[in-house]
Amino acid sequence: MPKVALITGVNGQDGSYLVELLLEKGYDVHGMVRRTSQFSRGRIEETRQRAQDQGRVFELHYGNLGDSSSLHRVLAACRPDEIYNLASQSHVGASFEEPEYATEVNGTAVLRLLECIRHIGLKTRFYQASSSELYGNVAEEPQTENTPFHPLSPYAVSKLYAYWIVRSYRETYGMHASNGILYNHESPRRGESFVTRKITYSLARIKAGHQRVLRLGNLGARRDWGYAKDFVQAMWLMLQQEKADDYVVATGELHSVREFIEHAAAIAGFSIAWEGAGVNERGLDRHTGQILIEVDPKFYRPADLDRVRGDATKARTQLGWRPTVTFDQLVALMMESDIDLARHEHHSR
């Protein structure tokens with residue numbers, strides 16, 4: 001019999017890549033989705049249709065992390081061998097505006113899931129999507145699994161609760177429950193409100209004549225950016241281990257928002273020249289003088305991180321995991337995809 005997996009947050013970037021990975025490995029895959037007035041499953045619909053045509057199991061269930069009864073119903077119906085909890089309020093900036101919601105979805109909901117598993121008596125393996133935001137004001141660089149946490153946003157604090165409740169249930173009840181402390185991971189499927197995708201999509205639209213300028217916050221912010229498809233491989237590997245544990249998943253490289261812009265712009269056919277400083281900084285195309293990038297203070301976070309760089313030695317040695325896509329390759333993947341998307345937008349008008 002094939003293994004059965006349940007994915008919450010199946011509509012998201014990571015969920016869509018994880019579905020593909022698990023189907024390739026012969027799993028029966030179930031995804032939990034919220035009931036909404038709009039049908040928004042663009043990232044997974046093609047995969048669902050392909051699985052259906054091939055006679056494979058990829059089934060969606062309505063459920064909500066805020067409702068224990070729906071979680072019980074979905075878990076009892078699927079009885080999964082593996083659960084991947086990828087659902088969250090995933091915007092750090094937005095968590096300052098909706099702190100209670102972030103706490104509910106990212107923190108309390110994880111406890112609710114673990115309690116459902118325990119009361120149903122499922123012998124399942126559980127993956128929790130944790131975050132490098134836990135480290136906040138970092139005590140050391142690069143960060144490992146033993147680096148002290150110092151969260152600086154409601155998002156990070158809620159994720160810290162989830163991290164510790166997973167460890168608590170692992171140690172108290174013997175659950176096979178693991179945390180993946182994932183650093184920033186991107187792809188062409190990244191949401192357009194995240195800075196990397198905002199950059200590539202906006203530059204593609206500027207190139208196509210659909211947009212005039214790209215407005216961003218802190219251009220000097222640096223991140224450890226990897227490829228989402230690589231990172232979901234690490235999630236799966238965690239649940240294949242005999243013992244549950246917690247792992248940092250990262251590339252170990254730091255790049256700034258400004259670097260990301262310069263690489264993406266070059267692929268789009270622009271050459272960026274910077275002028276000014278701070279909120280007055282802007283990026284112009286060297287060849288035409290066109291202003292492409294402007295800084296807007298409203299996109300600054302109340303508290304921002306600077307040197308969050310992960311040490312994935314444990315994942316490399318114990319899981320055999322390694323990133324396969326470089327920073328330059330990642331930017332190219334995203335930029336080329338969005339150039340195609342903007343071109344299609346132009347032709348559809």
# chains A, B, ... in the order shown; residues from 1 in each chain; ligands from 1
>>> residues_around(residues="segment 176-180 of chain A", least_positions_apart="3", cutoff="8 Å", atoms="only C-alpha atoms", output="list of chain:residue names")
A:Thr124, A:Arg125, A:Phe126, A:Tyr127, A:Gln128, A:Ala129, A:Ser130, A:Ser131, A:Tyr163, A:Val166, A:Arg167, A:Tyr169, A:Arg170, A:Met235, A:Met238, A:Leu239, A:Lys243, A:Ala244, A:Asp245, A:Asp246, A:Tyr247, A:Val248, A:Val249
>>> residues_around(residues="Gln143 of chain A", least_positions_apart="5", cutoff="12 Å", atoms="only C-alpha atoms", output="VMD selection string")
chain A and resid 131 to 138 148 to 150 181 to 183 224 247 to 253 307 to 314
>>> write_last_selection(atoms="N, CA, C and O atoms", output="short mmCIF file (atom, residue, chain, number, x, y, z; two decimals), in the first residue's frame")
data_model
loop_
_atom_site.label_atom_id
_atom_site.label_comp_id
_atom_site.auth_asym_id
_atom_site.auth_seq_id
_atom_site.Cartn_x
_atom_site.Cartn_y
_atom_site.Cartn_z
N SER A 131 10.89 28.69 11.04
CA SER A 131 11.41 29.83 10.28
C SER A 131 12.68 30.40 10.90
O SER A 131 12.83 30.43 12.13
N SER A 132 13.54 30.92 10.05
CA SER A 132 14.75 31.60 10.51
C SER A 132 14.42 32.88 11.26
O SER A 132 15.28 33.44 11.96
N GLU A 133 13.17 33.38 11.13
CA GLU A 133 12.77 34.57 11.87
C GLU A 133 12.84 34.35 13.38
O GLU A 133 12.85 35.31 14.15
N LEU A 134 12.91 33.10 13.82
CA LEU A 134 13.05 32.80 15.25
C LEU A 134 14.28 33.46 15.84
O LEU A 134 14.30 33.84 17.02
N TYR A 135 15.33 33.60 15.04
CA TYR A 135 16.61 34.08 15.57
C TYR A 135 16.61 35.58 15.84
O TYR A 135 17.35 36.05 16.71
N GLY A 136 15.84 36.35 15.09
CA GLY A 136 15.73 37.77 15.34
C GLY A 136 17.07 38.47 15.42
O GLY A 136 17.88 38.42 14.49
N ASN A 137 17.32 39.12 16.54
CA ASN A 137 18.62 39.74 16.80
C ASN A 137 19.61 38.64 17.10
O ASN A 137 19.74 38.17 18.23
N VAL A 138 20.32 38.20 16.07
CA VAL A 138 21.10 36.97 16.18
C VAL A 138 22.26 37.11 17.15
O VAL A 138 22.93 38.14 17.23
N PRO A 148 20.72 30.66 20.22
CA PRO A 148 19.56 31.17 20.98
C PRO A 148 18.59 31.94 20.09
O PRO A 148 19.00 32.66 19.17
N PHE A 149 17.30 31.82 20.40
CA PHE A 149 16.27 32.53 19.66
C PHE A 149 16.01 33.90 20.29
O PHE A 149 16.07 34.06 21.51
N HIS A 150 15.69 34.87 19.45
CA HIS A 150 15.35 36.22 19.91
C HIS A 150 14.38 36.83 18.90
O HIS A 150 14.72 37.75 18.15
N ILE A 181 13.71 24.46 10.41
CA ILE A 181 13.97 25.91 10.53
C ILE A 181 14.46 26.39 9.17
O ILE A 181 15.66 26.41 8.89
N LEU A 182 13.51 26.75 8.34
CA LEU A 182 13.82 27.07 6.95
C LEU A 182 14.11 28.56 6.79
O LEU A 182 13.37 29.41 7.30
N TYR A 183 15.18 28.84 6.09
CA TYR A 183 15.52 30.21 5.73
C TYR A 183 14.74 30.59 4.47
O TYR A 183 14.00 29.77 3.91
N ASP A 224 19.42 34.96 3.41
CA ASP A 224 19.94 33.68 2.94
C ASP A 224 18.84 33.06 2.09
O ASP A 224 17.90 32.47 2.60
N TYR A 247 16.00 20.77 12.33
CA TYR A 247 17.07 21.01 11.37
C TYR A 247 16.98 22.42 10.79
O TYR A 247 15.91 22.88 10.40
N VAL A 248 18.13 23.08 10.68
CA VAL A 248 18.26 24.30 9.91
C VAL A 248 18.41 23.92 8.43
O VAL A 248 19.18 23.02 8.09
N VAL A 249 17.64 24.60 7.57
CA VAL A 249 17.75 24.38 6.12
C VAL A 249 18.05 25.74 5.48
O VAL A 249 17.24 26.66 5.55
N ALA A 250 19.25 25.86 4.91
CA ALA A 250 19.72 27.14 4.41
C ALA A 250 20.83 26.92 3.39
O ALA A 250 21.39 25.83 3.30
N THR A 251 21.17 27.98 2.67
CA THR A 251 22.28 27.89 1.70
C THR A 251 23.61 28.30 2.32
O THR A 251 24.67 27.93 1.83
N GLY A 252 23.55 29.11 3.40
CA GLY A 252 24.78 29.61 4.00
C GLY A 252 25.35 30.84 3.32
O GLY A 252 26.44 31.29 3.66
N GLU A 253 24.62 31.42 2.37
CA GLU A 253 25.08 32.62 1.66
C GLU A 253 24.16 33.81 1.97
O GLU A 253 22.95 33.63 2.08
N ARG A 307 21.52 40.10 9.43
CA ARG A 307 22.50 39.07 9.10
C ARG A 307 22.00 37.68 9.51
O ARG A 307 22.59 37.02 10.36
N VAL A 308 20.91 37.26 8.92
CA VAL A 308 20.35 35.95 9.22
C VAL A 308 20.84 34.97 8.17
O VAL A 308 20.34 34.91 7.05
N ARG A 309 21.88 34.21 8.53
CA ARG A 309 22.51 33.26 7.60
C ARG A 309 22.62 31.91 8.29
O ARG A 309 23.12 31.81 9.41
N GLY A 310 22.12 30.88 7.65
CA GLY A 310 22.02 29.58 8.28
C GLY A 310 23.20 28.66 8.03
O GLY A 310 23.84 28.71 6.98
N ASP A 311 23.45 27.80 8.99
CA ASP A 311 24.46 26.74 8.89
C ASP A 311 23.71 25.41 8.83
O ASP A 311 23.20 24.93 9.84
N ALA A 312 23.63 24.83 7.65
CA ALA A 312 22.85 23.60 7.44
C ALA A 312 23.72 22.35 7.54
O ALA A 312 23.39 21.32 6.94
N THR A 313 24.79 22.41 8.31
CA THR A 313 25.69 21.25 8.44
C THR A 313 24.96 20.01 8.92
O THR A 313 25.18 18.91 8.41
N LYS A 314 24.08 20.18 9.88
CA LYS A 314 23.34 19.02 10.42
C LYS A 314 22.46 18.39 9.34
O LYS A 314 22.42 17.16 9.21
#
>>> atom_distance(atom1="atom CA of Leu6 of chain A", atom2="atom CA of Ser193 of chain A")
26.7 Å
>>> select_by_dssp(residues="segment 161-334 of chain A", states="strand (DSSP E)", output="PyMOL selection string")
chain A and resi 176-182+185-186+214-216+222-223+226-227+246-249+255-256+272-275+282-285+291-295
>>> closest_residue(among="A:Val157, A:Ala204, A:Met335, A:Leu284", to="Glu100 of chain A", atoms="only C-alpha atoms")
A:Val157
>>> select_by_dssp(residues="segment 199-332 of chain A", states="helix (DSSP H, G or I)", output="compact mmCIF listing (two decimals) with N, CA and C atoms, in the first residue's frame")
# COMPACT_ATOMS: atom_id res chain seq x y z
N ILE A 199 10.03 41.98 -6.92
CA ILE A 199 11.10 42.51 -7.77
C ILE A 199 11.00 41.95 -9.18
N THR A 200 10.95 40.62 -9.31
CA THR A 200 10.99 40.02 -10.64
C THR A 200 9.71 40.33 -11.43
N TYR A 201 8.57 40.27 -10.76
CA TYR A 201 7.31 40.53 -11.46
C TYR A 201 7.21 41.99 -11.89
N SER A 202 7.63 42.90 -11.01
CA SER A 202 7.55 44.33 -11.34
C SER A 202 8.51 44.69 -12.46
N LEU A 203 9.74 44.18 -12.41
CA LEU A 203 10.70 44.48 -13.47
C LEU A 203 10.22 43.93 -14.81
N ALA A 204 9.61 42.75 -14.79
CA ALA A 204 9.06 42.18 -16.02
C ALA A 204 7.94 43.06 -16.57
N ARG A 205 7.10 43.58 -15.67
CA ARG A 205 5.99 44.45 -16.11
C ARG A 205 6.50 45.80 -16.61
N ILE A 206 7.57 46.32 -15.97
CA ILE A 206 8.18 47.57 -16.45
C ILE A 206 8.74 47.36 -17.85
N LYS A 207 9.42 46.23 -18.02
CA LYS A 207 9.99 45.90 -19.34
C LYS A 207 8.90 45.82 -20.41
N ALA A 208 7.74 45.28 -20.03
CA ALA A 208 6.64 45.11 -20.97
C ALA A 208 5.78 46.37 -21.12
N ALA A 228 12.85 26.97 -3.35
CA ALA A 228 11.78 26.26 -2.64
C ALA A 228 11.75 24.77 -2.96
N LYS A 229 12.00 24.42 -4.20
CA LYS A 229 11.94 23.01 -4.59
C LYS A 229 13.01 22.20 -3.87
N ASP A 230 14.18 22.79 -3.64
CA ASP A 230 15.22 22.15 -2.85
C ASP A 230 14.77 21.98 -1.40
N PHE A 231 14.10 22.99 -0.88
CA PHE A 231 13.76 22.99 0.54
C PHE A 231 12.67 21.98 0.87
N VAL A 232 11.73 21.73 -0.03
CA VAL A 232 10.71 20.72 0.28
C VAL A 232 11.32 19.31 0.28
N GLN A 233 12.40 19.12 -0.45
CA GLN A 233 13.13 17.86 -0.39
C GLN A 233 13.63 17.63 1.04
N ALA A 234 14.11 18.69 1.67
CA ALA A 234 14.58 18.58 3.06
C ALA A 234 13.43 18.23 4.00
N MET A 235 12.26 18.79 3.78
CA MET A 235 11.10 18.45 4.61
C MET A 235 10.83 16.95 4.57
N TRP A 236 10.80 16.43 3.36
CA TRP A 236 10.53 15.00 3.20
C TRP A 236 11.60 14.15 3.87
N LEU A 237 12.84 14.52 3.70
CA LEU A 237 13.94 13.76 4.30
C LEU A 237 13.83 13.72 5.82
N MET A 238 13.37 14.79 6.43
CA MET A 238 13.22 14.81 7.89
C MET A 238 12.28 13.72 8.38
N VAL A 257 18.92 42.78 -0.83
CA VAL A 257 17.82 43.10 -1.75
C VAL A 257 18.38 43.84 -2.96
N ARG A 258 19.35 44.72 -2.72
CA ARG A 258 19.97 45.48 -3.81
C ARG A 258 20.64 44.54 -4.82
N GLU A 259 21.35 43.52 -4.32
CA GLU A 259 21.98 42.53 -5.20
C GLU A 259 20.93 41.80 -6.03
N PHE A 260 19.84 41.43 -5.37
CA PHE A 260 18.78 40.70 -6.07
C PHE A 260 18.23 41.55 -7.21
N ILE A 261 18.02 42.83 -6.93
CA ILE A 261 17.51 43.73 -7.97
C ILE A 261 18.48 43.80 -9.14
N GLU A 262 19.77 43.97 -8.85
CA GLU A 262 20.77 44.12 -9.91
C GLU A 262 20.83 42.88 -10.80
N HIS A 263 20.79 41.68 -10.19
CA HIS A 263 20.83 40.45 -10.98
C HIS A 263 19.57 40.31 -11.83
N ALA A 264 18.41 40.57 -11.23
CA ALA A 264 17.15 40.44 -11.96
C ALA A 264 17.07 41.47 -13.08
N ALA A 265 17.47 42.70 -12.80
CA ALA A 265 17.41 43.76 -13.81
C ALA A 265 18.28 43.43 -15.01
N ALA A 266 19.46 42.86 -14.78
CA ALA A 266 20.36 42.51 -15.88
C ALA A 266 19.71 41.49 -16.81
N ILE A 267 18.99 40.53 -16.23
CA ILE A 267 18.31 39.52 -17.04
C ILE A 267 17.18 40.15 -17.84
N ALA A 268 16.55 41.17 -17.25
CA ALA A 268 15.46 41.86 -17.94
C ALA A 268 15.96 42.87 -18.97
N GLY A 278 19.51 56.15 1.66
CA GLY A 278 18.36 55.98 2.55
C GLY A 278 17.05 56.03 1.80
N VAL A 279 16.09 56.78 2.34
CA VAL A 279 14.77 56.84 1.70
C VAL A 279 14.81 57.62 0.39
N ASN A 280 15.93 58.32 0.14
CA ASN A 280 16.06 59.07 -1.11
C ASN A 280 16.81 58.30 -2.20
N PRO A 297 9.18 54.49 2.45
CA PRO A 297 9.27 54.14 3.88
C PRO A 297 8.15 53.23 4.38
N LYS A 298 7.01 53.23 3.70
CA LYS A 298 5.90 52.40 4.19
C LYS A 298 6.20 50.91 4.08
N PHE A 299 7.24 50.55 3.30
CA PHE A 299 7.58 49.13 3.17
C PHE A 299 8.67 48.70 4.16
N THR A 313 24.79 22.41 8.31
CA THR A 313 25.69 21.25 8.44
C THR A 313 24.96 20.01 8.92
N LYS A 314 24.08 20.18 9.88
CA LYS A 314 23.34 19.02 10.42
C LYS A 314 22.46 18.39 9.34
N ALA A 315 21.76 19.21 8.56
CA ALA A 315 20.93 18.69 7.47
C ALA A 315 21.78 17.99 6.42
N ARG A 316 22.95 18.55 6.15
CA ARG A 316 23.85 17.95 5.15
C ARG A 316 24.36 16.59 5.62
N THR A 317 24.77 16.51 6.88
CA THR A 317 25.40 15.28 7.38
C THR A 317 24.38 14.21 7.75
N GLN A 318 23.27 14.60 8.37
CA GLN A 318 22.31 13.61 8.84
C GLN A 318 21.23 13.27 7.82
N LEU A 319 20.86 14.24 7.00
CA LEU A 319 19.81 14.00 6.00
C LEU A 319 20.39 13.75 4.61
N PHE A 327 22.24 31.08 -6.13
CA PHE A 327 21.54 32.37 -6.07
C PHE A 327 21.31 32.92 -7.47
N ASP A 328 22.34 32.93 -8.29
CA ASP A 328 22.21 33.45 -9.66
C ASP A 328 21.17 32.66 -10.46
N GLN A 329 21.19 31.33 -10.31
CA GLN A 329 20.23 30.48 -11.03
C GLN A 329 18.81 30.73 -10.54
N LEU A 330 18.65 30.95 -9.24
CA LEU A 330 17.33 31.21 -8.67
C LEU A 330 16.75 32.51 -9.22
N VAL A 331 17.55 33.57 -9.23
CA VAL A 331 17.08 34.85 -9.75
C VAL A 331 16.70 34.70 -11.23
N ALA A 332 17.51 33.97 -11.98
CA ALA A 332 17.23 33.78 -13.41
C ALA A 332 15.92 33.01 -13.61
>>> atom_distance(atom1="atom CA of Gln89 of chain A", atom2="atom CA of Tyr300 of chain A")
18.7 Å
>>> residues_around(residues="segment 102-109 of chain A", least_positions_apart="3", cutoff="7 Å", atoms="only C-alpha atoms", output="compact mmCIF listing (two decimals) with C-alpha atoms, in the first residue's frame")
# COMPACT_ATOMS: atom_id res chain seq x y z
CA LEU A 65 -6.74 25.17 11.46
CA GLY A 66 -8.94 27.29 13.69
CA SER A 88 0.52 29.84 8.22
CA GLN A 89 0.10 33.58 8.16
CA SER A 95 1.91 40.18 11.47
CA GLU A 98 -2.69 41.45 12.62
CA PRO A 99 -0.78 40.03 15.61
CA ARG A 112 -4.67 22.03 17.92
CA LEU A 113 -3.21 19.72 15.24
CA PRO A 154 4.49 38.71 16.11
CA TYR A 155 5.09 36.26 13.25
CA SER A 158 4.04 32.73 17.03
CA LYS A 159 6.45 30.47 15.15
CA TYR A 161 5.52 28.87 20.23
CA ALA A 162 4.90 26.33 17.47
>>> closest_residue(among="A:Leu122, A:Ala221, A:Ala277, A:Ala5", to="Leu254 of chain A", atoms="only C-alpha atoms")
A:Ala221
